[in-house]
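Asks: Just my_file32.csv, nothing more (CSV, N, CA and C atoms and all ligand atoms):
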```csv
chain,number,residue,atom,x,y,z
A,1,MET,N,-2.9,14.5,-9.9
A,1,MET,CA,-3.8,13.8,-10.9
A,1,MET,C,-5.2,13.9,-10.4
A,2,GLU,N,-6.0,14.5,-11.2
A,2,GLU,CA,-7.4,14.8,-10.9
A,2,GLU,C,-8.3,13.6,-10.5
A,3,ASP,N,-8.2,12.6,-11.4
A,3,ASP,CA,-9.1,11.5,-11.3
A,3,ASP,C,-8.5,10.3,-10.5
A,4,CYS,N,-7.4,10.5,-9.9
A,4,CYS,CA,-6.7,9.4,-9.2
A,4,CYS,C,-7.2,9.2,-7.8
A,5,ILE,N,-7.7,8.0,-7.5
A,5,ILE,CA,-8.3,7.7,-6.2
A,5,ILE,C,-7.3,7.9,-5.1
A,6,PHE,N,-6.1,7.5,-5.3
A,6,PHE,CA,-5.1,7.6,-4.2
A,6,PHE,C,-4.6,9.0,-4.0
A,7,CYS,N,-4.6,9.8,-5.1
A,7,CYS,CA,-4.3,11.3,-4.9
A,7,CYS,C,-5.5,11.9,-4.1
A,8,LYS,N,-6.7,11.5,-4.3
A,8,LYS,CA,-7.8,12.0,-3.6
A,8,LYS,C,-7.7,11.6,-2.1
A,9,ILE,N,-7.2,10.4,-1.8
A,9,ILE,CA,-7.0,10.0,-0.4
A,9,ILE,C,-5.9,10.9,0.2
A,10,VAL,N,-4.8,11.2,-0.5
A,10,VAL,CA,-3.8,12.0,0.0
A,10,VAL,C,-4.3,13.4,0.3
A,11,LYS,N,-5.2,13.9,-0.6
A,11,LYS,CA,-5.8,15.3,-0.4
A,11,LYS,C,-6.9,15.3,0.7
A,12,GLY,N,-7.3,14.1,1.1
A,12,GLY,CA,-8.4,14.0,2.1
A,12,GLY,C,-9.8,14.1,1.5
A,13,GLU,N,-9.9,14.0,0.1
A,13,GLU,CA,-11.1,14.2,-0.5
A,13,GLU,C,-12.0,12.9,-0.5
A,14,ILE,N,-11.3,11.8,-0.3
A,14,ILE,CA,-12.1,10.5,0.0
A,14,ILE,C,-11.4,9.9,1.3
A,15,PRO,N,-12.3,9.3,2.1
A,15,PRO,CA,-11.8,8.8,3.4
A,15,PRO,C,-10.9,7.6,3.3
A,16,SER,N,-10.0,7.5,4.3
A,16,SER,CA,-9.2,6.2,4.4
A,16,SER,C,-8.9,6.1,5.9
A,17,PHE,N,-8.5,4.8,6.2
A,17,PHE,CA,-8.1,4.6,7.6
A,17,PHE,C,-6.6,4.7,7.6
A,18,LYS,N,-6.0,5.8,8.0
A,18,LYS,CA,-4.6,6.1,7.9
A,18,LYS,C,-3.9,5.4,9.1
A,19,VAL,N,-2.7,4.8,8.8
A,19,VAL,CA,-1.9,4.1,9.8
A,19,VAL,C,-0.5,4.8,10.0
A,20,TYR,N,-0.1,5.5,9.0
A,20,TYR,CA,1.2,6.1,9.0
A,20,TYR,C,1.3,7.3,8.0
A,21,GLU,N,2.0,8.3,8.4
A,21,GLU,CA,2.2,9.4,7.4
A,21,GLU,C,3.5,10.1,7.7
A,22,ASP,N,4.2,10.5,6.7
A,22,ASP,CA,5.3,11.5,6.9
A,22,ASP,C,5.3,12.4,5.7
A,23,ASP,N,6.4,13.2,5.5
A,23,ASP,CA,6.3,14.2,4.4
A,23,ASP,C,6.2,13.6,3.0
A,24,ARG,N,6.7,12.4,2.8
A,24,ARG,CA,6.7,11.8,1.5
A,24,ARG,C,5.6,10.8,1.2
A,25,VAL,N,5.2,10.0,2.3
A,25,VAL,CA,4.4,8.9,2.1
A,25,VAL,C,3.2,8.9,3.0
A,26,LEU,N,2.2,8.1,2.6
A,26,LEU,CA,1.0,7.8,3.4
A,26,LEU,C,0.7,6.3,3.4
A,27,ALA,N,0.3,5.8,4.5
A,27,ALA,CA,-0.1,4.4,4.6
A,27,ALA,C,-1.5,4.3,5.2
A,28,PHE,N,-2.3,3.4,4.6
A,28,PHE,CA,-3.7,3.3,5.0
A,28,PHE,C,-4.1,1.8,4.8
A,29,GLU,N,-5.2,1.4,5.5
A,29,GLU,CA,-5.7,0.1,5.3
A,29,GLU,C,-6.4,-0.1,3.9
A,30,ASP,N,-6.1,-1.3,3.4
A,30,ASP,CA,-6.8,-1.6,2.1
A,30,ASP,C,-8.3,-1.7,2.3
A,31,ILE,N,-9.1,-1.2,1.4
A,31,ILE,CA,-10.5,-1.2,1.5
A,31,ILE,C,-11.1,-2.6,1.4
A,32,ASN,N,-10.4,-3.5,0.7
A,32,ASN,CA,-10.8,-4.8,0.5
A,32,ASN,C,-9.7,-5.8,0.9
A,33,PRO,N,-9.5,-5.9,2.2
A,33,PRO,CA,-8.3,-6.6,2.7
A,33,PRO,C,-8.2,-8.1,2.4
A,34,ILE,N,-7.1,-8.5,2.0
A,34,ILE,CA,-6.9,-10.0,1.8
A,34,ILE,C,-6.8,-10.6,3.1
A,35,SER,N,-6.3,-9.9,4.1
A,35,SER,CA,-6.2,-10.4,5.5
A,35,SER,C,-6.2,-9.2,6.4
A,36,LYS,N,-6.5,-9.5,7.7
A,36,LYS,CA,-6.5,-8.4,8.7
A,36,LYS,C,-5.1,-7.7,8.7
A,37,GLY,N,-5.1,-6.4,8.7
A,37,GLY,CA,-3.9,-5.6,8.7
A,37,GLY,C,-3.3,-5.3,7.3
A,38,HIS,N,-4.0,-5.8,6.2
A,38,HIS,CA,-3.6,-5.5,4.9
A,38,HIS,C,-3.4,-4.0,4.7
A,39,THR,N,-2.2,-3.5,4.4
A,39,THR,CA,-1.9,-2.1,4.4
A,39,THR,C,-1.3,-1.7,3.0
A,40,LEU,N,-1.6,-0.5,2.6
A,40,LEU,CA,-1.1,0.1,1.4
A,40,LEU,C,-0.2,1.3,1.7
A,41,ILE,N,1.0,1.3,1.2
A,41,ILE,CA,1.9,2.5,1.3
A,41,ILE,C,2.0,3.2,0.0
A,42,ILE,N,1.8,4.5,0.0
A,42,ILE,CA,1.9,5.2,-1.3
A,42,ILE,C,2.8,6.5,-1.2
A,43,PRO,N,3.4,6.9,-2.3
A,43,PRO,CA,4.0,8.2,-2.3
A,43,PRO,C,2.9,9.3,-2.3
A,44,LYS,N,3.1,10.4,-1.6
A,44,LYS,CA,2.1,11.4,-1.7
A,44,LYS,C,2.1,12.1,-3.1
A,45,LYS,N,3.2,12.1,-3.7
A,45,LYS,CA,3.3,12.7,-5.1
A,45,LYS,C,3.0,11.6,-6.1
A,46,HIS,N,2.0,11.9,-7.0
A,46,HIS,CA,1.6,10.9,-7.9
A,46,HIS,C,2.7,10.4,-8.8
A,47,ALA,N,2.8,9.1,-8.9
A,47,ALA,CA,3.6,8.3,-9.8
A,47,ALA,C,2.9,7.1,-10.1
A,48,GLU,N,2.8,6.7,-11.4
A,48,GLU,CA,1.9,5.6,-11.8
A,48,GLU,C,2.5,4.2,-11.4
A,49,ASN,N,3.9,4.1,-11.5
A,49,ASN,CA,4.5,2.8,-11.3
A,49,ASN,C,6.0,3.0,-11.0
A,50,ILE,N,6.7,1.9,-10.9
A,50,ILE,CA,8.1,1.9,-10.5
A,50,ILE,C,8.9,2.7,-11.5
A,51,TRP,N,8.5,2.7,-12.7
A,51,TRP,CA,9.3,3.5,-13.7
A,51,TRP,C,9.2,5.0,-13.5
A,52,GLU,N,8.1,5.4,-13.0
A,52,GLU,CA,7.9,6.9,-12.8
A,52,GLU,C,8.3,7.3,-11.5
A,53,LEU,N,8.4,6.4,-10.5
A,53,LEU,CA,8.6,6.8,-9.1
A,53,LEU,C,10.0,7.4,-8.9
A,54,GLU,N,10.0,8.5,-8.2
A,54,GLU,CA,11.3,9.1,-7.9
A,54,GLU,C,12.1,8.2,-6.9
A,55,GLU,N,13.4,8.2,-7.0
A,55,GLU,CA,14.2,7.4,-6.1
A,55,GLU,C,14.0,7.7,-4.6
A,56,ASP,N,13.9,9.0,-4.3
A,56,ASP,CA,13.7,9.4,-2.9
A,56,ASP,C,12.3,8.9,-2.4
A,57,ASP,N,11.3,8.9,-3.2
A,57,ASP,CA,10.0,8.3,-2.8
A,57,ASP,C,10.1,6.8,-2.7
A,58,LEU,N,10.8,6.2,-3.5
A,58,LEU,CA,11.0,4.7,-3.4
A,58,LEU,C,11.6,4.4,-2.0
A,59,ILE,N,12.7,5.1,-1.7
A,59,ILE,CA,13.3,4.9,-0.4
A,59,ILE,C,12.4,5.2,0.8
A,60,ALA,N,11.6,6.3,0.6
A,60,ALA,CA,10.6,6.6,1.7
A,60,ALA,C,9.6,5.5,1.9
A,61,VAL,N,9.1,5.0,0.8
A,61,VAL,CA,8.1,3.9,0.9
A,61,VAL,C,8.7,2.7,1.5
A,62,GLN,N,10.0,2.4,1.2
A,62,GLN,CA,10.6,1.2,1.7
A,62,GLN,C,10.9,1.4,3.2
A,63,LYS,N,11.3,2.6,3.6
A,63,LYS,CA,11.5,2.8,5.0
A,63,LYS,C,10.2,2.7,5.8
A,64,ALA,N,9.2,3.2,5.3
A,64,ALA,CA,7.8,3.1,5.9
A,64,ALA,C,7.4,1.6,6.0
A,65,SER,N,7.8,0.8,4.9
A,65,SER,CA,7.4,-0.6,4.9
A,65,SER,C,8.1,-1.3,6.1
A,66,LYS,N,9.3,-0.9,6.4
A,66,LYS,CA,10.0,-1.6,7.5
A,66,LYS,C,9.4,-1.2,8.8
A,67,LYS,N,9.1,0.0,9.0
A,67,LYS,CA,8.4,0.5,10.3
A,67,LYS,C,7.1,-0.2,10.4
A,68,LEU,N,6.3,-0.3,9.4
A,68,LEU,CA,5.0,-0.9,9.5
A,68,LEU,C,5.0,-2.4,9.6
A,69,ALA,N,6.0,-3.0,9.0
A,69,ALA,CA,6.1,-4.5,9.1
A,69,ALA,C,6.4,-4.8,10.6
A,70,HIS,N,7.2,-4.0,11.3
A,70,HIS,CA,7.5,-4.2,12.7
A,70,HIS,C,6.2,-4.0,13.5
A,71,ALA,N,5.5,-2.9,13.2
A,71,ALA,CA,4.2,-2.6,13.9
A,71,ALA,C,3.2,-3.7,13.8
A,72,ILE,N,3.1,-4.2,12.5
A,72,ILE,CA,2.1,-5.3,12.3
A,72,ILE,C,2.5,-6.6,13.0
A,73,LYS,N,3.8,-6.8,13.0
A,73,LYS,CA,4.3,-8.1,13.7
A,73,LYS,C,4.0,-8.0,15.2
A,74,LYS,N,4.2,-6.7,15.7
A,74,LYS,CA,4.0,-6.6,17.1
A,74,LYS,C,2.5,-6.6,17.5
A,75,SER,N,1.6,-6.0,16.6
A,75,SER,CA,0.2,-5.9,17.0
A,75,SER,C,-0.6,-7.2,16.6
A,76,LEU,N,-0.3,-7.8,15.5
A,76,LEU,CA,-1.1,-8.9,15.0
A,76,LEU,C,-0.4,-10.2,15.0
A,77,ASN,N,0.9,-10.2,15.2
A,77,ASN,CA,1.8,-11.4,15.2
A,77,ASN,C,1.5,-12.4,14.1
A,78,PRO,N,1.5,-12.0,12.9
A,78,PRO,CA,1.3,-13.0,11.8
A,78,PRO,C,2.6,-13.8,11.7
A,79,ASP,N,2.5,-15.0,11.0
A,79,ASP,CA,3.6,-15.8,10.7
A,79,ASP,C,4.5,-15.2,9.7
A,80,GLY,N,3.9,-14.4,8.8
A,80,GLY,CA,4.7,-13.8,7.7
A,80,GLY,C,4.0,-12.6,7.2
A,81,ILE,N,4.7,-11.8,6.4
A,81,ILE,CA,4.1,-10.6,5.7
A,81,ILE,C,4.5,-10.6,4.3
A,82,ALA,N,3.5,-10.7,3.4
A,82,ALA,CA,3.9,-10.6,1.9
A,82,ALA,C,4.0,-9.1,1.6
A,83,CYS,N,5.1,-8.8,0.9
A,83,CYS,CA,5.3,-7.4,0.3
A,83,CYS,C,5.0,-7.5,-1.2
A,84,LEU,N,4.1,-6.8,-1.7
A,84,LEU,CA,3.6,-7.0,-3.1
A,84,LEU,C,3.5,-5.6,-3.7
A,85,GLN,N,4.0,-5.5,-4.9
A,85,GLN,CA,3.9,-4.2,-5.7
A,85,GLN,C,3.8,-4.5,-7.1
A,86,LEU,N,2.7,-4.1,-7.8
A,86,LEU,CA,2.4,-4.5,-9.2
A,86,LEU,C,2.6,-3.2,-10.1
A,87,ASN,N,3.1,-3.5,-11.3
A,87,ASN,CA,3.4,-2.4,-12.2
A,87,ASN,C,2.8,-2.8,-13.6
A,88,GLY,N,1.7,-2.2,-13.9
A,88,GLY,CA,1.1,-2.5,-15.2
A,88,GLY,C,-0.1,-3.4,-15.2
A,89,THR,N,-1.0,-3.1,-16.1
A,89,THR,CA,-2.3,-3.9,-16.2
A,89,THR,C,-1.9,-5.4,-16.5
A,90,ALA,N,-0.8,-5.6,-17.2
A,90,ALA,CA,-0.4,-7.0,-17.5
A,90,ALA,C,-0.2,-7.9,-16.3
A,91,VAL,N,0.1,-7.2,-15.1
A,91,VAL,CA,0.3,-8.0,-13.9
A,91,VAL,C,-0.8,-7.6,-12.9
A,92,ASN,N,-1.9,-7.1,-13.4
A,92,ASN,CA,-3.1,-6.8,-12.6
A,92,ASN,C,-3.0,-5.6,-11.7
A,93,GLN,N,-2.2,-4.6,-12.0
A,93,GLN,CA,-2.2,-3.3,-11.3
A,93,GLN,C,-3.6,-2.7,-11.6
A,94,VAL,N,-4.4,-2.4,-10.6
A,94,VAL,CA,-5.7,-1.9,-10.8
A,94,VAL,C,-5.7,-0.3,-10.6
A,95,VAL,N,-5.1,0.1,-9.5
A,95,VAL,CA,-5.0,1.5,-9.2
A,95,VAL,C,-3.7,2.1,-9.7
A,96,MET,N,-3.8,3.0,-10.6
A,96,MET,CA,-2.6,3.5,-11.3
A,96,MET,C,-1.9,4.6,-10.6
A,97,HIS,N,-1.7,4.4,-9.3
A,97,HIS,CA,-0.9,5.3,-8.5
A,97,HIS,C,0.0,4.3,-7.7
A,98,TYR,N,1.3,4.4,-7.8
A,98,TYR,CA,2.2,3.4,-7.2
A,98,TYR,C,1.8,3.1,-5.8
A,99,HIS,N,1.7,1.8,-5.4
A,99,HIS,CA,1.4,1.4,-4.0
A,99,HIS,C,2.1,0.1,-3.7
A,100,PHE,N,2.4,0.0,-2.4
A,100,PHE,CA,3.2,-1.2,-1.9
A,100,PHE,C,2.3,-1.8,-0.9
A,101,HIS,N,1.9,-3.1,-1.2
A,101,HIS,CA,1.1,-3.8,-0.2
A,101,HIS,C,1.9,-4.5,0.9
A,102,LEU,N,1.4,-4.5,2.1
A,102,LEU,CA,1.9,-5.3,3.2
A,102,LEU,C,0.7,-6.2,3.6
A,103,ILE,N,0.9,-7.5,3.4
A,103,ILE,CA,-0.2,-8.5,3.6
A,103,ILE,C,0.2,-9.5,4.7
A,104,PRO,N,-0.3,-9.3,5.9
A,104,PRO,CA,0.1,-10.3,6.9
A,104,PRO,C,-0.6,-11.6,6.6
A,105,ARG,N,0.2,-12.7,6.9
A,105,ARG,CA,-0.3,-14.1,6.6
A,105,ARG,C,0.0,-15.0,7.8
A,106,SER,N,-0.8,-16.0,8.0
A,106,SER,CA,-0.5,-17.0,9.0
A,106,SER,C,-0.6,-18.4,8.4
A,107,GLN,N,0.1,-19.3,9.1
A,107,GLN,CA,0.1,-20.7,8.6
A,107,GLN,C,-1.3,-21.2,8.4
A,108,GLY,N,-1.6,-21.9,7.4
A,108,GLY,CA,-2.9,-22.6,7.2
A,108,GLY,C,-3.9,-21.7,6.4
A,109,GLU,N,-3.6,-20.4,6.2
A,109,GLU,CA,-4.5,-19.6,5.5
A,109,GLU,C,-4.4,-20.0,4.0
A,110,PRO,N,-5.5,-19.8,3.2
A,110,PRO,CA,-5.4,-20.1,1.8
A,110,PRO,C,-4.3,-19.3,1.1
A,111,GLU,N,-3.8,-19.8,0.0
A,111,GLU,CA,-2.7,-19.1,-0.7
A,111,GLU,C,-3.2,-17.8,-1.3
A,112,LEU,N,-2.3,-16.9,-1.5
A,112,LEU,CA,-2.6,-15.6,-2.2
A,112,LEU,C,-2.9,-16.0,-3.7
A,113,THR,N,-3.9,-15.3,-4.3
A,113,THR,CA,-4.2,-15.6,-5.7
A,113,THR,C,-3.7,-14.5,-6.5
B,1,LIG,P1,-3.5,-3.4,-7.2
B,1,LIG,O1,-3.6,-2.2,-8.1
B,1,LIG,O2,-2.2,-3.6,-6.6
B,1,LIG,O3,-4.1,-4.6,-7.9
B,1,LIG,O4,-4.5,-3.2,-5.9
B,1,LIG,C1,-5.2,-2.0,-5.6
B,1,LIG,C2,-5.6,-2.1,-4.2
B,1,LIG,O5,-6.2,-0.9,-3.8
B,1,LIG,C3,-6.7,-3.2,-4.0
B,1,LIG,O6,-6.2,-4.1,-2.9
B,1,LIG,C4,-7.9,-2.5,-3.5
B,1,LIG,O7,-8.7,-3.1,-2.6
B,1,LIG,C5,-7.3,-1.2,-3.0
B,1,LIG,N1,-8.2,0.0,-3.2
B,1,LIG,C6,-8.9,0.4,-4.3
B,1,LIG,N2,-9.6,1.5,-4.1
B,1,LIG,C7,-9.4,1.8,-2.8
B,1,LIG,C8,-9.9,2.9,-2.0
B,1,LIG,O8,-10.6,3.8,-2.4
B,1,LIG,N3,-9.5,2.9,-0.7
B,1,LIG,C9,-8.6,2.0,-0.2
B,1,LIG,N4,-8.3,2.1,1.1
B,1,LIG,N5,-8.1,0.9,-0.9
B,1,LIG,C10,-8.5,0.9,-2.2
B,2,ZN,ZN,-2.4,9.5,-7.9
```
Written as C-alpha cells, that's how I'd like the structure from this file.
Ligand code: 5GP
Ligand code: ZN
Replies:
Amino acid sequence: MEDCIFCKIVKGEIPSFKVYEDDRVLAFEDINPISKGHTLIIPKKHAENIWELEEDDLIAVQKASKKLAHAIKKSLNPDGIACLQLNGTAVNQVVMHYHFHLIPRSQGEPELT
C-alpha cells in the first residue's frame, strides 16, 4: 500500500524504534505513547483490519504479543498491560493498517480514554 504509514515503516522509508521483528511481524514503539513502553505490533503484509488479516498473520501477531508482554513485564514491571486492537473508524481506528497495541499500566495512573 503506497500511502500507508505502517507499510512505509516496514519498508524502512520512515523511521521507527523497532523492538521486535520476525518474518511476518514488526513491533515498534508508538510515536505518541499512552504510557512508557507503549508498543505496536503489525503484520508486515498490509491488511487494514481483522476482517482482512490472514489467519497466519493473526497468529504471528499474537505470538509476538506474548513475547513482548513478557519482555515489558521484565523490563518495566507494570501492574498490567492493556492489549487493544481497533477495527474501523467507528471505533477510532486511525491508522488503516492492522495493529495491536500493548499498553503497560500501573496502579493509580489515569484511566485509558
Ligand atoms: P489507532 O489506529 O489504534 O487509533 O492508533 C494508531 C496509533 O498509531 C496511535 O497510537 C499513534 O500514536 C500511532 N502512530 C501513528 N503514526 C505513527 C508513526 O508514524 N509512527 C509510530 N511509531 N506510531 C504512529
Ligand atoms: Zn499498510
Asks: For CA of Asp3 in chain A and CA of Glu55 in chain A, quote the distance in Å rounded to one decimal.
Replies: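 So the two atoms, CA of Asp3 in chain A and CA of Glu55 in chain A, lie 24.2 Å apart.
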Asks: Using only the atoms of ligand LIG 1 (chain B) listed in the file, plus 5 Å on each side, state the axis-aligned box centre and edge lengths in Å rounded to one decimal, as lines of an AutoDock Vina configuration file.
Replies:
```
center_x = -6.4
center_y = -0.4
center_z = -3.5
size_x = 18.4
size_y = 18.4
size_z = 19.2
```
Asks: What are the closest atom pairs, with distances in Å to one decimal, for each residue of chain A lying within 6 Å of ligand ZN 2 (chain B), using all atoms listed in the file, rows by chain and rising residue number, as a tab-separated table?
Replies:
```
residue	atom	partner	partner_atom	distance
A:Met1	N	B:ZN2	ZN	5.4
A:Cys4	CA	B:ZN2	ZN	4.5
A:Ile5	N	B:ZN2	ZN	5.5
A:Phe6	C	B:ZN2	ZN	4.5
A:Cys7	N	B:ZN2	ZN	3.6
A:Lys8	N	B:ZN2	ZN	6.0
A:His46	CA	B:ZN2	ZN	4.2
A:Ala47	N	B:ZN2	ZN	5.3
A:Met96	C	B:ZN2	ZN	5.6
A:His97	CA	B:ZN2	ZN	4.5
```
Asks: I'd like to know which residues of range 31-103 of chain A are strand (DSSP E or B) (by DSSP, run on the backbone); could you write them as a list of chain:residue names?
Replies: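 Output for range 31-103 of chain A, strand (DSSP E or B) only: A:Thr39, A:Leu40, A:Ile41, A:Ile42, A:Pro43, A:Gly80, A:Ile81, A:Ala82, A:Cys83, A:Leu84, A:Phe100, A:His101, A:Leu102, A:Ile103.
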Asks: Would you mind writing down, as a list in words, each residue of range 13-107 of chain A that DSSP on the backbone assigns to alpha helix (DSSP H)?
Replies: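 Those in range 13-107 of chain A that DSSP calls alpha helix (DSSP H) are Glu55, Asp56, Asp57, Leu58, Ile59, Ala60, Val61, Gln62, Lys63, Ala64, Ser65, Lys66, Lys67, Leu68, Ala69, His70, Ala71, Ile72, Lys73, Lys74, Ser75 and Leu76 of chain A.
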Asks: Could you tell me how far atom C of Glu109 in chain A sits from atom C of Glu29 in chain A, in Å to one decimal place?
Replies: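 Result for atom C of Glu29 in chain A versus atom C of Glu109 in chain A: 20.0 Å, one decimal.
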Asks: When the cut-off is 7 Å and you count only N, CA and C atoms and all ligand atoms, which residues lie near ligand LIG 1 (chain B), shown as a list in words?
Replies: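 So, counting only N, CA and C atoms and all ligand atoms, the residues near ligand LIG 1 (chain B) are Ile5, Phe6, Pro15, Ser16, Phe17, Phe28, Glu29, Asp30, Ile31, Asn32, Pro33, Ile34, Leu84, Gln85, Leu86, Val91, Asn92, Gln93, Val94, Val95, Met96, His97, His99 and His101 of chain A.
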Asks: Determine the nearest neighbour of Thr39 in chain A from the options A:Lys63, A:Lys73, A:Lys18, A:Lys11, counting only C-alpha atoms.
Replies: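 With only C-alpha atoms as the atom set, the closest residue is A:Lys18.
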Asks: Is there a way to get, as a PyMOL selection string, all residues within 8 Å of the point (-4.2, -4.3, 11.6) in file coordinates, counting only C-alpha atoms?
Replies: chain A and resi 29+36-39+72+75-76
Asks: How many Å lie between CA of Gly12 in chain A and atom C of Ile41 in chain A, rounded to one decimal?
Replies: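 These two atoms are separated by 15.1 Å.
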Asks: Which residue, A:Ile50, A:Leu26, A:Ile42, A:Val61, has the smallest gap to Asn87 in chain A when you use all atoms listed in the file?
Replies: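 Between A:Ile50, A:Leu26, A:Ile42, A:Val61, the residue approaching Asn87 in chain A most closely is A:Ile50.
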Asks: Export range 68-82 of chain A, N, CA and C atoms, as a CSV table (one decimal), in the first residue's frame; it's the structure right above.
Replies:
```csv
chain,number,residue,atom,x,y,z
A,68,LEU,N,6.5,-10.1,23.8
A,68,LEU,CA,6.7,-8.7,24.2
A,68,LEU,C,6.1,-8.4,25.5
A,69,ALA,N,4.9,-9.0,25.8
A,69,ALA,CA,4.3,-8.8,27.1
A,69,ALA,C,5.3,-9.3,28.2
A,70,HIS,N,5.9,-10.4,28.0
A,70,HIS,CA,6.9,-10.9,29.0
A,70,HIS,C,8.1,-9.9,29.1
A,71,ALA,N,8.6,-9.5,27.9
A,71,ALA,CA,9.7,-8.6,27.9
A,71,ALA,C,9.4,-7.2,28.6
A,72,ILE,N,8.2,-6.7,28.4
A,72,ILE,CA,7.8,-5.5,29.0
A,72,ILE,C,7.6,-5.7,30.5
A,73,LYS,N,7.0,-6.8,30.9
A,73,LYS,CA,6.9,-7.1,32.4
A,73,LYS,C,8.2,-7.1,33.0
A,74,LYS,N,9.2,-7.8,32.4
A,74,LYS,CA,10.5,-7.9,32.9
A,74,LYS,C,11.3,-6.6,33.0
A,75,SER,N,11.1,-5.8,32.0
A,75,SER,CA,11.9,-4.5,31.9
A,75,SER,C,11.3,-3.4,32.7
A,76,LEU,N,10.0,-3.3,32.6
A,76,LEU,CA,9.3,-2.1,33.2
A,76,LEU,C,8.4,-2.4,34.4
A,77,ASN,N,8.2,-3.7,34.6
A,77,ASN,CA,7.4,-4.2,35.7
A,77,ASN,C,6.1,-3.4,35.9
A,78,PRO,N,5.2,-3.2,34.9
A,78,PRO,CA,3.9,-2.6,35.1
A,78,PRO,C,3.0,-3.5,35.9
A,79,ASP,N,2.0,-2.9,36.5
A,79,ASP,CA,1.0,-3.8,37.2
A,79,ASP,C,0.1,-4.6,36.2
A,80,GLY,N,-0.1,-4.0,35.0
A,80,GLY,CA,-0.9,-4.6,34.0
A,80,GLY,C,-0.5,-4.2,32.6
A,81,ILE,N,-1.0,-4.9,31.6
A,81,ILE,CA,-0.7,-4.5,30.2
A,81,ILE,C,-2.1,-4.6,29.5
A,82,ALA,N,-2.5,-3.4,28.9
A,82,ALA,CA,-3.7,-3.4,28.1
A,82,ALA,C,-3.4,-3.9,26.7
```
